[in-house]
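Next comes structure-v1.txt, a file with compact mmCIF, C-alpha atoms.
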# COMPACT_ATOMS: atom_id res chain seq x y z
CA MET A 1 23.55 9.06 -0.37
CA THR A 2 25.58 12.11 -1.41
CA ASN A 3 24.68 15.69 -2.20
CA SER A 4 23.87 16.31 -5.89
CA GLY A 5 26.80 17.55 -7.91
CA GLY A 6 27.04 21.12 -9.09
CA LYS A 7 26.76 20.12 -12.75
CA LYS A 8 23.52 18.21 -12.16
CA ALA A 9 22.05 21.11 -10.17
CA LYS A 10 23.03 23.57 -12.92
CA ILE A 11 21.31 21.46 -15.61
CA ALA A 12 18.19 21.20 -13.45
CA ALA A 13 18.14 24.99 -12.97
CA GLN A 14 18.48 25.54 -16.73
CA GLU A 15 15.61 23.14 -17.44
CA GLU A 16 13.44 24.91 -14.86
CA ARG A 17 14.14 28.31 -16.42
CA PHE A 18 13.41 26.97 -19.91
CA ALA A 19 10.12 25.39 -18.78
CA ALA A 20 9.14 28.67 -17.11
CA SER A 21 9.89 30.58 -20.32
CA LEU A 22 7.44 28.28 -22.15
CA GLY A 23 4.84 28.64 -19.43
CA ILE A 24 4.83 24.92 -18.61
CA THR A 25 5.95 22.72 -15.73
CA LEU A 26 9.12 20.64 -15.66
CA GLU A 27 7.06 17.47 -16.03
CA GLU A 28 5.27 18.89 -19.08
CA LEU A 29 8.67 19.74 -20.54
CA ALA A 30 9.83 16.18 -19.83
CA ASP A 31 6.73 14.86 -21.66
CA ARG A 32 7.86 16.68 -24.79
CA ASN A 33 11.40 15.34 -24.55
CA VAL A 34 10.93 11.59 -24.04
CA PRO A 35 13.51 9.96 -26.38
CA THR A 36 12.19 7.58 -29.04
CA VAL A 37 15.52 5.66 -29.29
CA GLY A 38 15.05 5.57 -33.05
CA PHE A 39 11.64 3.86 -32.97
CA GLU A 40 8.89 5.10 -35.25
CA GLU A 41 5.34 5.80 -34.04
CA ASN A 42 4.37 2.24 -35.06
CA LYS A 43 6.95 1.01 -32.47
CA GLU A 44 9.30 -0.33 -35.17
CA ARG A 45 12.97 0.29 -35.92
CA CYS A 46 14.79 -1.20 -38.90
CA PHE A 47 18.39 -2.43 -39.15
CA ASP A 48 20.10 -2.89 -42.51
CA TYR A 49 22.62 -5.64 -43.36
CA GLY A 50 22.81 -4.61 -47.02
CA THR A 51 21.36 -7.78 -48.52
CA ARG A 52 18.99 -8.33 -45.58
CA SER A 53 17.07 -6.09 -43.23
CA PHE A 54 15.41 -6.64 -39.87
CA SER A 55 12.53 -5.02 -37.99
CA VAL A 56 12.65 -4.61 -34.22
CA THR A 57 9.22 -4.03 -32.69
CA LEU A 58 8.44 -2.98 -29.13
CA CYS A 59 5.73 -5.26 -27.75
CA ALA A 60 5.64 -4.54 -24.00
CA ILE A 61 7.17 -2.57 -21.15
CA ALA A 62 6.05 -4.58 -18.15
CA PRO A 63 8.10 -4.75 -16.09
CA GLY A 64 10.96 -4.06 -18.54
CA ALA A 65 11.13 -3.36 -22.27
CA LYS A 66 10.42 -6.36 -24.48
CA PHE A 67 10.81 -6.45 -28.25
CA GLU A 68 10.57 -8.87 -31.14
CA VAL A 69 13.01 -9.15 -34.06
CA PHE A 70 11.83 -10.14 -37.54
CA GLU A 71 13.71 -10.61 -40.80
CA LEU A 72 12.05 -8.60 -43.54
CA GLU A 73 11.29 -9.81 -47.03
CA GLY A 74 10.15 -6.76 -48.92
CA GLN A 75 7.51 -5.27 -46.62
CA GLU A 76 6.59 -8.63 -45.08
CA LEU A 77 7.80 -10.07 -41.77
CA LYS A 78 9.53 -13.33 -42.65
CA LYS A 79 11.17 -14.91 -39.63
CA LYS A 80 10.98 -14.19 -35.88
CA MET A 81 14.18 -14.34 -33.81
CA LYS A 82 15.42 -13.33 -30.37
CA SER A 83 18.10 -10.91 -31.54
CA LEU A 84 19.91 -9.71 -34.64
CA PRO A 85 21.72 -12.65 -36.27
CA LYS A 86 25.41 -12.89 -37.05
CA PRO A 87 26.35 -11.50 -40.47
CA ARG A 88 26.64 -13.88 -43.43
CA ARG A 89 29.34 -13.71 -46.09
CA THR A 90 26.70 -12.45 -48.50
CA ASP A 91 25.86 -9.47 -46.24
CA ASP A 92 27.53 -6.08 -46.43
CA LEU A 93 29.87 -6.56 -43.47
CA VAL A 94 30.29 -2.84 -42.80
CA LYS A 95 26.54 -2.28 -42.71
CA ALA A 96 25.98 -5.45 -40.68
CA GLU A 97 28.59 -4.54 -38.06
CA THR A 98 27.22 -1.00 -37.87
CA ALA A 99 23.71 -2.39 -37.42
CA GLN A 100 24.86 -4.68 -34.63
CA GLU A 101 26.58 -1.81 -32.79
CA GLU A 102 23.45 0.32 -33.17
CA PHE A 103 21.35 -2.58 -31.86
CA LYS A 104 23.52 -2.88 -28.73
CA LYS A 105 23.35 0.88 -28.22
CA MET A 106 19.57 0.79 -28.73
CA LYS A 107 19.09 -1.82 -26.00
CA LYS A 108 21.16 0.18 -23.53
CA GLU A 109 19.39 3.46 -24.33
CA LEU A 110 15.97 1.78 -24.28
CA ASN A 111 16.56 0.37 -20.80
CA ALA A 112 17.66 3.82 -19.58
CA VAL A 113 14.60 5.54 -21.07
CA VAL A 114 12.21 2.94 -19.66
CA LYS A 115 13.79 3.27 -16.20
CA THR A 116 13.41 7.06 -16.29
CA GLN A 117 9.82 6.96 -17.54
CA LYS A 118 8.80 4.38 -14.96
CA ARG A 119 10.09 6.71 -12.25
CA ARG A 120 8.10 9.56 -13.79
CA MET A 121 4.97 7.42 -13.78
CA GLU A 122 5.59 6.53 -10.12
CA LEU A 123 5.81 10.26 -9.41
CA ALA A 124 2.59 10.93 -11.35
CA LEU A 125 0.85 8.22 -9.32
CA MET A 126 2.13 9.77 -6.09
CA THR A 127 1.24 13.38 -6.89
CA GLY A 128 -2.05 12.73 -8.68
CA ARG A 129 -0.86 14.40 -11.86
CA CYS A 130 -3.47 14.63 -14.65
CA TRP A 131 -3.26 15.22 -18.40
CA SER A 132 -5.74 16.75 -20.81
CA VAL A 133 -7.05 14.31 -23.44
CA ASP A 134 -4.92 15.93 -26.15
CA ALA A 135 -1.76 15.86 -24.01
CA TRP A 136 -2.43 12.26 -22.98
CA ARG A 137 -2.95 11.12 -26.58
CA GLU A 138 0.21 12.89 -27.71
CA LEU A 139 2.33 11.19 -25.03
CA PHE A 140 0.70 7.80 -24.52
CA GLY A 141 -1.18 7.33 -27.78
CA LYS A 142 1.62 8.20 -30.21
CA HIS A 143 5.00 7.80 -28.51
CA PRO A 144 6.54 4.40 -29.40
CA ILE A 145 7.83 3.75 -25.86
CA MET A 146 5.11 5.38 -23.75
CA ARG A 147 2.32 3.72 -25.72
CA PRO A 148 3.18 0.09 -24.74
CA LEU A 149 3.89 1.30 -21.18
CA SER A 150 0.33 2.68 -20.98
CA PHE A 151 -1.25 -0.69 -21.84
CA ALA A 152 -0.30 -2.19 -18.46
CA LEU A 153 -1.64 0.67 -16.32
CA ILE A 154 -5.10 1.51 -14.99
CA TRP A 155 -6.17 5.05 -15.85
CA GLY A 156 -8.92 7.26 -14.52
CA ILE A 157 -10.96 10.33 -15.40
CA TYR A 158 -10.81 12.89 -12.59
CA LYS A 159 -12.76 15.97 -11.61
CA ASP A 160 -11.65 18.13 -8.67
CA GLY A 161 -9.35 15.32 -7.57
CA GLN A 162 -12.14 12.72 -7.48
CA LEU A 163 -12.12 9.57 -9.61
CA LEU A 164 -15.16 9.42 -11.89
CA GLN A 165 -14.30 6.48 -14.16
CA SER A 166 -11.45 3.99 -14.42
CA PHE A 167 -10.40 2.55 -17.77
CA ARG A 168 -7.65 0.84 -19.76
CA HIS A 169 -5.85 1.66 -22.98
CA ARG A 170 -5.38 -1.60 -24.90
CA ARG A 171 -3.17 -2.63 -27.81
CA ASP A 172 -5.93 -2.01 -30.37
CA GLY A 173 -5.74 1.69 -29.42
CA LEU A 174 -9.23 1.72 -27.91
CA PHE A 175 -10.35 2.33 -24.32
CA TYR A 176 -12.28 -0.15 -22.17
CA ASP A 177 -13.97 -0.12 -18.78
CA MET A 178 -13.40 -2.85 -16.20
CA TRP A 179 -16.13 -5.03 -17.71
CA GLY A 180 -14.43 -5.05 -21.09
CA GLU A 181 -16.89 -2.67 -22.72
CA GLU A 182 -15.51 -0.08 -25.12
CA PHE A 183 -15.28 3.32 -23.49
CA LEU A 184 -15.18 6.74 -25.20
CA LEU A 185 -13.06 9.46 -23.61
CA PRO A 186 -14.89 12.76 -23.06
CA GLU A 187 -12.88 15.47 -24.82
CA ASP A 188 -12.78 17.63 -21.68
CA ALA A 189 -11.57 14.78 -19.45
CA ARG A 190 -8.61 15.03 -17.09
CA ILE A 191 -6.71 11.73 -17.10
CA GLY A 192 -4.52 10.39 -14.31
CA LEU A 193 -3.25 7.12 -12.88
CA VAL A 194 -5.68 5.40 -10.53
CA PHE A 195 -4.41 4.98 -6.97
CA PRO A 196 -5.28 1.59 -5.42
CA THR A 197 -7.19 3.08 -2.46
CA GLU A 198 -9.65 4.57 -5.00
CA LEU A 199 -10.76 1.06 -5.99
CA THR A 200 -12.62 -1.55 -3.99
CA LYS A 201 -11.08 -4.96 -3.45
CA GLU A 202 -13.47 -6.39 -6.05
CA GLU A 203 -12.61 -3.67 -8.60
CA LYS A 204 -8.88 -4.29 -8.20
CA LYS A 205 -9.47 -8.00 -8.74
CA VAL A 206 -11.45 -7.35 -11.94
CA TRP A 207 -8.74 -5.06 -13.30
CA GLN A 208 -6.04 -7.59 -12.44
CA GLU A 209 -7.94 -10.27 -14.35
CA GLN A 210 -8.23 -7.91 -17.33
CA LEU A 211 -4.44 -7.51 -17.36
CA TRP A 212 -3.89 -11.26 -17.15
CA LYS A 213 -6.24 -11.84 -20.09
CA ASP A 214 -3.99 -9.55 -22.13
CA ASP A 215 -0.90 -11.55 -21.03
CA ILE A 216 0.28 -8.75 -18.74
CA GLU A 217 1.49 -10.58 -15.65
CA GLU A 218 3.25 -7.63 -14.04
CA GLN A 219 2.71 -3.88 -14.20
CA PRO A 220 5.67 -1.61 -15.04
CA ILE A 221 5.13 0.28 -11.76
CA GLY A 222 3.48 -0.68 -8.51
CA GLN A 223 -0.20 0.20 -8.82
CA LEU A 224 -2.86 -2.41 -8.16
CA ASN A 225 -0.71 -4.31 -5.65
CA LEU A 226 0.87 -1.26 -4.03
CA ARG A 227 1.06 -1.27 -0.24
CA THR A 228 -0.96 1.66 1.04
CA TYR A 229 -1.12 3.62 4.30
CA THR A 230 -3.69 5.99 5.78
CA VAL A 231 -3.63 8.62 8.50
CA HIS A 232 -4.60 7.06 11.83
CA LYS A 233 -7.38 8.68 13.85
CA GLN A 234 -4.95 9.72 16.59
CA GLU A 235 -2.61 11.31 14.00
CA GLU A 236 -5.11 13.56 12.21
CA LYS A 237 -4.35 16.79 14.09
CA LYS A 238 -0.65 16.12 14.47
CA LYS A 239 1.95 17.90 12.33
CA GLU A 240 4.61 15.24 12.56
CA LEU A 241 4.63 11.63 11.42
CA VAL A 242 6.32 9.55 14.13
CA ARG A 243 5.40 5.97 13.16
CA CYS A 244 9.05 5.18 12.47
CA LYS A 245 10.44 7.08 15.44
CA GLY A 246 13.08 5.09 17.30
CA LYS A 247 13.92 2.83 14.33
CA PHE A 248 17.63 2.34 13.56
CA PHE A 249 19.38 1.81 10.22
CA LEU A 250 22.74 1.74 8.57
CA ASP A 251 22.56 5.10 6.83
CA GLU A 252 24.18 4.08 3.53
CA ILE A 253 21.59 1.37 2.88
CA PHE A 254 18.65 3.45 4.04
CA GLY A 255 19.80 6.59 2.19
CA ASP A 256 20.49 4.78 -1.08
CA ARG A 257 17.01 3.30 -1.05
CA LEU A 258 15.40 6.67 -0.35
CA GLU A 259 17.44 8.20 -3.18
CA LYS A 260 15.94 5.69 -5.62
CA PHE A 261 12.51 6.94 -4.55
CA GLY A 262 13.52 10.54 -5.32
CA TRP A 263 14.66 11.77 -1.90
CA HIS A 264 17.80 13.81 -1.17
CA CYS A 265 19.99 14.22 1.86
CA GLY A 266 19.91 17.57 3.60
CA CYS A 267 22.50 20.31 3.59
CA SER A 268 25.66 20.27 5.69
CA VAL A 269 25.07 21.39 9.24
CA ASP A 270 28.70 22.13 10.03
CA GLU A 271 32.20 22.12 8.55
CA HIS A 272 32.34 18.33 8.84
CA ASP A 273 29.49 17.88 6.30
CA PHE A 274 27.20 16.45 8.92
CA TYR A 275 23.55 16.21 7.83
CA ASP A 276 20.47 15.05 9.70
CA ILE A 277 17.56 15.28 7.25
CA TYR A 278 16.29 13.62 4.12
CA TYR A 279 13.78 15.48 2.00
CA ARG A 280 11.78 15.39 -1.20
CA GLU A 281 10.04 18.28 -2.95
CA ASP A 282 7.20 17.67 -5.39
CA LYS A 283 6.15 20.89 -7.09
CA ASP A 284 3.41 19.16 -9.08
CA ALA A 285 1.74 18.27 -5.78
CA GLY A 286 2.66 21.59 -4.15
CA LEU A 287 4.26 19.68 -1.27
CA CYS A 288 7.57 18.78 0.28
CA VAL A 289 8.44 16.45 3.15
CA GLU A 290 11.35 16.50 5.60
CA LEU A 291 12.49 13.39 7.49
CA HIS A 292 14.54 14.16 10.61
CA THR A 293 17.23 11.67 11.74
CA SER A 294 20.05 11.50 14.27
CA GLY A 295 22.44 12.42 11.44
CA ASN A 296 25.54 11.23 9.59
CA THR A 297 28.39 12.29 7.33
CA PRO A 298 28.47 11.38 3.61
CA TRP A 299 31.51 9.13 3.91
CA ASP A 300 30.46 7.11 6.97
CA ASN A 301 28.02 4.22 7.00
CA MET A 302 26.89 5.07 10.50
CA GLU A 303 23.94 3.84 12.46
CA ILE A 304 21.18 6.44 12.39
CA GLU A 305 17.91 6.76 14.27
CA LEU A 306 14.71 8.12 12.74
CA TYR A 307 12.88 10.88 14.61
CA GLY A 308 9.93 12.04 12.52
CA ALA A 309 8.69 13.49 9.21
CA ARG A 310 6.88 16.78 8.55
CA PHE A 311 5.02 18.01 5.46
CA PHE A 312 5.18 21.58 4.12
CA LYS A 313 4.04 23.57 1.12
CA SER A 314 6.45 23.32 -1.80
CA GLY A 315 8.91 26.23 -1.81
CA THR A 316 8.92 26.61 1.98
CA PHE A 317 12.66 25.97 2.22
CA ASP A 318 15.83 26.61 0.27
CA TRP A 319 17.23 23.14 0.72
CA LYS A 320 20.78 24.36 0.06
CA THR A 321 20.76 26.31 3.31
CA HIS A 322 17.92 24.79 5.33
CA ILE A 323 18.75 23.26 8.70
CA TYR A 324 16.22 21.29 10.73
CA ASP A 325 14.58 23.58 13.24
CA GLU A 326 11.95 22.60 15.80
CA LYS A 327 10.33 26.03 15.32
CA ASP A 328 9.43 25.08 11.73
CA LYS A 329 6.80 22.74 13.14
CA GLU A 330 4.33 25.63 13.22
CA ARG A 331 4.55 25.92 9.43
CA ALA A 332 4.03 22.17 8.95
CA ILE A 333 0.75 20.85 7.53
CA ALA A 334 -1.53 18.70 9.70
CA LEU A 335 -1.41 15.07 8.57
CA LYS A 336 -5.17 15.00 7.94
CA ASP A 337 -4.72 17.70 5.29
CA ILE A 338 -2.14 15.78 3.22
CA PRO A 339 -3.61 14.22 0.03
CA SER A 340 -4.16 10.54 0.75
CA ARG A 341 -2.04 9.17 -2.09
CA TYR A 342 0.89 11.49 -1.28
CA PHE A 343 0.77 10.57 2.41
CA SER A 344 0.55 6.86 1.57
CA GLU A 345 3.52 6.95 -0.78
CA VAL A 346 5.74 8.91 1.64
CA VAL A 347 5.06 6.37 4.40
CA ARG A 348 5.58 3.45 2.01
CA GLN A 349 8.90 4.82 0.78
CA ILE A 350 10.21 5.29 4.33
CA MET A 351 9.01 1.83 5.32
CA GLU A 352 10.50 0.13 2.26
CA ALA A 353 13.78 2.00 2.58
CA GLY A 354 14.15 0.37 5.99
CA GLU A 355 12.75 -3.02 5.04
CA ASP A 356 15.13 -5.94 5.64
CA SER A 357 17.71 -3.35 6.62
CA TYR A 358 20.24 -3.81 9.39
CA LEU A 359 18.93 -2.75 12.83
CA TRP A 360 15.35 -2.09 11.58
CA GLY A 361 13.90 -3.92 14.55
CA LYS A 362 16.34 -2.68 17.18
CA GLU A 363 14.51 -2.01 20.43
Using structure tokens, write down the structure that the file contains.
Amino acid sequence: MTNSGGKKAKIAAQEERFAASLGITLEELADRNVPTVGFEENKERCFDYGTRSFSVTLCAIAPGAKFEVFELEGQELKKKMKSLPKPRRTDDLVKAETAQEEFKKMKKELNAVVKTQKRRMELALMTGRCWSVDAWRELFGKHPIMRPLSFALIWGIYKDGQLLQSFRHRRDGLFYDMWGEEFLLPEDARIGLVFPTELTKEEKKVWQEQLWKDDIEEQPIGQLNLRTYTVHKQEEKKKELVRCKGKFFLDEIFGDRLEKFGWHCGCSVDEHDFYDIYYREDKDAGLCVELHTSGNTPWDNMEIELYGARFFKSGTFDWKTHIYDEKDKERAIALKDIPSRYFSEVVRQIMEAGEDSYLWGKE
């Protein structure tokens, strides 16, 4: 894992300033800017061969984007195929070749957008982010890519952080409870992604069966089958998570996996670019977490040892200059006061970053 480049940091700072000028969060700004990749609200995009035209329709995003290609005859779908066909002599070759290039570009862009949005949904699940009904409908009810993504997720209505009702958004555009009964959204509802610990074993089973009935074999993000972790009784008053203390890894493998979860490596401690922390900051949740290690340099795949993780309020540190300090422990938040889903996801990410990794079980 390497420090973020200056260009990337500059873009992030510009986006943050722009969001602040609009009076919205970065995630709300990102909601407004999800690319459509040329798809219309009905999830269709047309490609013209001159004498023939084809409709590409998004049908699912679980786990990846899936689409169907149909040849059009007037306004009717004539023939289903796996991809755009090769041009015929009767086609306009310039238009056909242009269409094929656009189709290749579309697939690449679509995969990139889906990957980004899945990560955003994972973050929303972790932080407990909620949307108003209007904001939810605008993003998940109308957007051609977010709409099919929403079909494979279990949603909930929340009040003061507590789940009141779980439901699904299905392909017919309606909402249903776990028993398959149509469900009407209250206009003042706050909608978020249901975390698996909020459901009983029986409820998770019922929801899984509902997904299977709709031919959804896999969710786009881990949700119902997510591994979860809770604060142990003996940890409640502690301000440091030490479950992984004494575990060893090859830093490159461990760091790369953490980076995919949204973590960053800490600042340089000395002139040799030595760093000994990984961190993540989640402003939507108002929290950040710092994982202390034995340290490494960016260009060495050294063996590192984990020491412990501490949680703080977001904005506690300037990560560009922050260096791990034992005195900061006083400002850390007791583990019992960390929201359960945030705590669970931090532990899971650390555990999975080290899973099947070299030296994980070194004693």
May I have the protein, DNA and RNA residues with any atom at most 8 Å from the point (-8.0, 2.7, -13.4), counting only C-alpha atoms, written as an mmCIF file with C-alpha atoms, in the frame of the given file?
data_model
loop_
_atom_site.group_PDB
_atom_site.id
_atom_site.type_symbol
_atom_site.label_atom_id
_atom_site.label_comp_id
_atom_site.auth_asym_id
_atom_site.auth_seq_id
_atom_site.Cartn_x
_atom_site.Cartn_y
_atom_site.Cartn_z
ATOM 1 C CA LEU A 153 -1.640 0.670 -16.320
ATOM 2 C CA ILE A 154 -5.100 1.510 -14.990
ATOM 3 C CA TRP A 155 -6.170 5.050 -15.850
ATOM 4 C CA GLY A 156 -8.920 7.260 -14.520
ATOM 5 C CA GLN A 165 -14.300 6.480 -14.160
ATOM 6 C CA SER A 166 -11.450 3.990 -14.420
ATOM 7 C CA PHE A 167 -10.400 2.550 -17.770
ATOM 8 C CA ARG A 168 -7.650 0.840 -19.760
ATOM 9 C CA LEU A 193 -3.250 7.120 -12.880
ATOM 10 C CA VAL A 194 -5.680 5.400 -10.530
ATOM 11 C CA PHE A 195 -4.410 4.980 -6.970
ATOM 12 C CA TRP A 207 -8.740 -5.060 -13.300
#
Please identify all polymer residues within 9 Å of Pro339 in chain A, counting all atoms listed in the file, omitting same-chain residues fewer than 3 positions from it, and present them as a short mmCIF file (atom, residue, chain, number, x, y, z; two decimals) with C-alpha atoms, in the coordinates of the input.
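Printed below is part.cif as written:
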data_model
loop_
_atom_site.label_atom_id
_atom_site.label_comp_id
_atom_site.auth_asym_id
_atom_site.auth_seq_id
_atom_site.Cartn_x
_atom_site.Cartn_y
_atom_site.Cartn_z
CA THR A 127 1.24 13.38 -6.89
CA GLY A 128 -2.05 12.73 -8.68
CA ALA A 285 1.74 18.27 -5.78
CA LEU A 335 -1.41 15.07 8.57
CA LYS A 336 -5.17 15.00 7.94
CA TYR A 342 0.89 11.49 -1.28
CA PHE A 343 0.77 10.57 2.41
CA SER A 344 0.55 6.86 1.57
#
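The neighbours of Ala309 in chain A here are the residues that come within 8 Å of it, using only C-alpha atoms and leaving out any residue fewer than 2 positions away in the same chain; they are Glu240, Leu241, Val242, Val289, Glu290, Leu291, His292, Tyr307 and Phe311 of chain A.
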Since we have the selection now, will you write its residues out, keeping C-alpha atoms, as a PDB file, in the frame of the given file?
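Written file, result.pdb:
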ATOM      1  CA  GLU A 240       4.610  15.240  12.560  1.00  0.00           C
ATOM      2  CA  LEU A 241       4.630  11.630  11.420  1.00  0.00           C
ATOM      3  CA  VAL A 242       6.320   9.550  14.130  1.00  0.00           C
ATOM      4  CA  VAL A 289       8.440  16.450   3.150  1.00  0.00           C
ATOM      5  CA  GLU A 290      11.350  16.500   5.600  1.00  0.00           C
ATOM      6  CA  LEU A 291      12.490  13.390   7.490  1.00  0.00           C
ATOM      7  CA  HIS A 292      14.540  14.160  10.610  1.00  0.00           C
ATOM      8  CA  TYR A 307      12.880  10.880  14.610  1.00  0.00           C
ATOM      9  CA  PHE A 311       5.020  18.010   5.460  1.00  0.00           C
TER      10      PHE A 311
END
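Pairwise distance (CA of Gly64 in chain A, CA of Val114 in chain A) equals 7.2 Å.
When only C-alpha atoms are used to measure the gap to Asp273 in chain A, the shortest distance among A:Gly295, A:Ala152, A:Ala96, A:Ser314 belongs to A:Gly295.
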- Query: Could you work out how far CA of Ile333 in chain A lies from CA of Asn296 in chain A, giving the answer in Å with one decimal?
  - Reply: 26.7 Å
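Taking only C-alpha atoms into account, Lys205 in chain A lies nearest to A:Trp179 out of the set A:Leu84, A:Ala112, A:Glu138, A:Trp179.
Reported to one decimal place, the separation of CA of Ile323 in chain A from CA of Cys288 in chain A is 14.7 Å.
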- Hey, what's within 10 Å of Glu198 in chain A if we count all atoms listed in the file and toss same-chain stuff fewer than 5 positions away? As an MDAnalysis selection string, please? chainID A and resid 156 162:163 166 203:204 340:341
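Of the listed residues A:Ala124, A:Val133, A:Leu149, A:Ile11, the one whose atoms come nearest to Ala65 in chain A is A:Leu149, with distances taken using all atoms listed in the file.
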- Pick the closest to Leu26 in chain A from A:Arg171, A:Arg120, A:Lys237, A:Lys66: which is it, counting all atoms listed in the file? A:Arg120
- Write out as a list in words each polymer residue whose atoms come within 12 Å of Val34 in chain A, counting only C-alpha atoms; drop sequence neighbours fewer than 2 positions from it. Glu27, Glu28, Leu29, Ala30, Asp31, Arg32, Thr36, Val37, Gly38, Phe39, Glu109, Leu110, Ala112, Val113, Val114, Lys115, Thr116, Gln117, Lys118, Arg120, Glu138, Leu139, Phe140, Lys142, His143, Pro144, Ile145, Met146 and Arg147 of chain A
Distance query 8 Å from (21.1, 16.4, 13.2) using only C-alpha atoms, result as a short mmCIF file (atom, residue, chain, number, x, y, z; two decimals) with C-alpha atoms, in the coordinates of the input:
data_model
loop_
_atom_site.label_atom_id
_atom_site.label_comp_id
_atom_site.auth_asym_id
_atom_site.auth_seq_id
_atom_site.Cartn_x
_atom_site.Cartn_y
_atom_site.Cartn_z
CA VAL A 269 25.07 21.39 9.24
CA PHE A 274 27.20 16.45 8.92
CA TYR A 275 23.55 16.21 7.83
CA ASP A 276 20.47 15.05 9.70
CA ILE A 277 17.56 15.28 7.25
CA HIS A 292 14.54 14.16 10.61
CA THR A 293 17.23 11.67 11.74
CA SER A 294 20.05 11.50 14.27
CA GLY A 295 22.44 12.42 11.44
CA ASN A 296 25.54 11.23 9.59
CA TYR A 324 16.22 21.29 10.73
#
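Closest to Glu182 in chain A among A:Phe249, A:His169, A:Ile216, A:Phe67 is A:His169, based on all atoms listed in the file.
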- Residues near range 212-214 of chain A, cut-off 10 Å, all atoms listed in the file, skip fewer than 3 positions along chain, as number ranges by chain: A: 151-152, 170-171, 206-209, 217-218
Output for the residues just chosen: C-alpha atoms as a PDB file, in the frame of the given file:
ATOM      1  CA  PHE A 151      -1.250  -0.690 -21.840  1.00  0.00           C
ATOM      2  CA  ALA A 152      -0.300  -2.190 -18.460  1.00  0.00           C
ATOM      3  CA  ARG A 170      -5.380  -1.600 -24.900  1.00  0.00           C
ATOM      4  CA  ARG A 171      -3.170  -2.630 -27.810  1.00  0.00           C
ATOM      5  CA  VAL A 206     -11.450  -7.350 -11.940  1.00  0.00           C
ATOM      6  CA  TRP A 207      -8.740  -5.060 -13.300  1.00  0.00           C
ATOM      7  CA  GLN A 208      -6.040  -7.590 -12.440  1.00  0.00           C
ATOM      8  CA  GLU A 209      -7.940 -10.270 -14.350  1.00  0.00           C
ATOM      9  CA  GLU A 217       1.490 -10.580 -15.650  1.00  0.00           C
ATOM     10  CA  GLU A 218       3.250  -7.630 -14.040  1.00  0.00           C
TER      11      GLU A 218
END
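Considering all atoms listed in the file, the residue among A:Asn111, A:Thr57, A:Thr98, A:Asn225 positioned nearest to Glu41 in chain A is A:Thr57.
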Can you report as AutoDock Vina command-line options the centre and edge lengths in Å, to one decimal, of an axis-aligned box around the listed atoms of range 290-293 of chain A padded with 5 Å on each side?
--center_x 14.3 --center_y 14.1 --center_z 8.7 --size_x 15.9 --size_y 14.8 --size_z 16.1
